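A.B. asks: Provided herewith is a single structure, encoded as structure tokens, for subsequent inquiry.
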Amino acid sequence: MAAPTAYSLVATDLDGTLLRGDDTLSDRSLAALARVTAAGAGHLVVTGRPAPRVRPLLEDLGCTGLAVCGQGAQVYDAGADRLLWSVTLDRELAETALGKIEAEVGQVYAAVDQDGVDGLTLIEPGYRMPHPTLPAVRVGRRDDLWGEPLSKVLLRHPELSDDELAATARAVAGSLATVTMSGPGTVELQPCGITKATGLALAAEHLGLRPERALAFGDMPNDIPMFDWAARGIAMANAHPELKAVADEVTLSNEDDGIAVVLERLFP
């Protein structure tokens with residue numbers, strides 16, 4: 001059955017967008033997503049979380065299809081529990097970028113997401129996870145972060161705001177890695193040229209879906225490329241000002257079922 005609206009693809013970020021603050025999905029949001037799939041349209045999760053940290057949430061959604069993970073560096077097949085596509089961040093480039101950033105702003109604290117469906121999140125001494133519910137392994141020293149292929153590096157600064165840290169990182173290391181800000185306390189380095197739009201475009205092509213019939217939801221600057229790719233971008237009420245500035249619409253917050261409000265209107 002064809003979708004009864006202009007949209008055949010709904011792409012949703014997770015944190016601050018589809019998920020509530022306690023990492024749960026409301027019944028209303030689940031019902032709204034069920035409307036989408038019942039209408040014959042596709043739903044793609046597009047998140048900064050790496051595949052291993054997305055797997056349990058996809059199970060809650062009943063998703064056995066594709067998901068875009070790791071800020072677009074991974075296209076994950078939930079049904080087969082395998083990566084259809086992934087790009088890793090060169091570890092030497094990551095270390096160089098980190099050195100350039102610290103030369104400008106002083107010490108930062110770092111963590112990494114390892115590549116692969118069973119990759120770990122490693123955190124060095126001093127790094128505090130922005131999402132305490134996410135599992136992480138603390139290592140003894142920074143050198144221990146670089147042992148396995150990486151999908152991204154996460155950075156925190158003891159004094160600078162996220163916006164200040166991201167701006168400096170782009171200025172001094174933007175030629176070595178893509179710098180994104182994906183949430184409070186979450187400035188990240190990912191493979192150069194890779195964004196959420198990269199993974200979303202690949203997943204959509206695999207499914208035979210086109211950007212001109214795509215609807216995207218997000219809350220942070222890392223969602224801007226996804227909004228640029230999709231026909232319509234909808235920011236949450238709690239979204240960063242940079243994303244609201246380029247959004248076609250602003251809905252209610254993630255705590256107030258903002259995605260469901262829009263989907264109920266578009267998929268009656």
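By order in the structure tokens, chains are A, B, ...; within a chain, residues start at 1; ligands start at 1, following the order shown.
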Quick one: residues within 8 Å of range 259-262 of chain A, only C-alpha atoms counted, chain neighbours fewer than 5 positions away excluded, as a PyMOL selection string?

C.D. replies: chain A and resi 17-18+28-29+32-33+217+236+251-252+254

A.B. asks: Keeping only C-alpha atoms, write the selected residues to a file as a PDB file, in the first residue's frame.

C.D. replies:
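Just written: result.pdb:
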ATOM      1  CA  THR A  17      14.091  13.585  19.612  1.00  0.00           C
ATOM      2  CA  LEU A  18      12.329  10.220  19.611  1.00  0.00           C
ATOM      3  CA  ARG A  28       1.982   7.465  21.695  1.00  0.00           C
ATOM      4  CA  SER A  29       5.258   7.625  19.761  1.00  0.00           C
ATOM      5  CA  ALA A  32       2.522   6.989  15.585  1.00  0.00           C
ATOM      6  CA  LEU A  33       5.437   5.048  14.088  1.00  0.00           C
ATOM      7  CA  PHE A 217      13.257  14.862  12.807  1.00  0.00           C
ATOM      8  CA  MET A 236      11.961  19.580  18.345  1.00  0.00           C
ATOM      9  CA  THR A 251       7.156  20.663  16.843  1.00  0.00           C
ATOM     10  CA  LEU A 252       6.726  19.977  20.556  1.00  0.00           C
ATOM     11  CA  ASN A 254      10.661  15.014  22.903  1.00  0.00           C
TER      12      ASN A 254
END

A.B. asks: Near Leu98 in chain A, within 9 Å and counting only C-alpha atoms, which residues show up once chain neighbours fewer than 5 positions away are dropped, as a PyMOL selection string?

C.D. replies: chain A and resi 93+103+108+110+155+169+173+189

A.B. asks: How about saving the chosen residues, C-alpha atoms kept, as a compact mmCIF listing (two decimals), in the first residue's frame?

C.D. replies:
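To be explicit, this is the file written out as selection34.txt:
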# COMPACT_ATOMS: atom_id res chain seq x y z
CA LEU A 93 44.50 11.31 12.37
CA ALA A 103 47.19 22.92 21.84
CA VAL A 108 40.24 17.73 27.05
CA ALA A 110 38.24 11.77 25.42
CA LEU A 155 35.40 15.06 23.57
CA ALA A 169 37.79 21.84 17.01
CA ALA A 173 41.10 20.00 13.11
CA LEU A 189 35.25 13.66 15.76

A.B. asks: Kindly indicate which residue among A:Ala80, A:Leu61, A:Val68, A:Leu25 lies nearest to Leu200 in chain A, using only C-alpha atoms for the distances.

C.D. replies: A:Val68

A.B. asks: Find the distance between CA of Leu176 in chain A and CA of Arg91 in chain A and write it in Å to one decimal.

C.D. replies: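 So the answer is 10.9 Å.
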
A.B. asks: Counting only C-alpha atoms, what is within 7 Å of Ser182 in chain A, bar same-chain residues fewer than 5 positions away, as a list of chain:residue names?

C.D. replies: A:Gly48, A:Val187, A:Met220, A:Pro221, A:Asn222

A.B. asks: Find the residue from A:Asp77, A:Glu104, A:Asp22, A:Asp13 that sits nearest to His206 in chain A; use only C-alpha atoms when measuring.

C.D. replies: A:Asp77

A.B. asks: Extract, using only C-alpha atoms, all DNA, RNA and protein residues at most 9 Å from Val117 in chain A, discarding same-chain residues fewer than 2 positions from it, and format them as a list of chain:residue names.

C.D. replies: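 The contact residues come out as A:Pro50, A:Ala51, A:Pro52, A:Arg55, A:Tyr76, A:Asp81, A:Arg82, A:Leu83, A:Asp115, A:Gly119.
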
A.B. asks: Which residue gives the smallest distance to Asp257 in chain A among A:Ala237, A:Met129, A:Leu122, A:Val105, with only C-alpha atoms counted?

C.D. replies: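 Counting only C-alpha atoms, the residue closest to Asp257 in chain A is A:Ala237.
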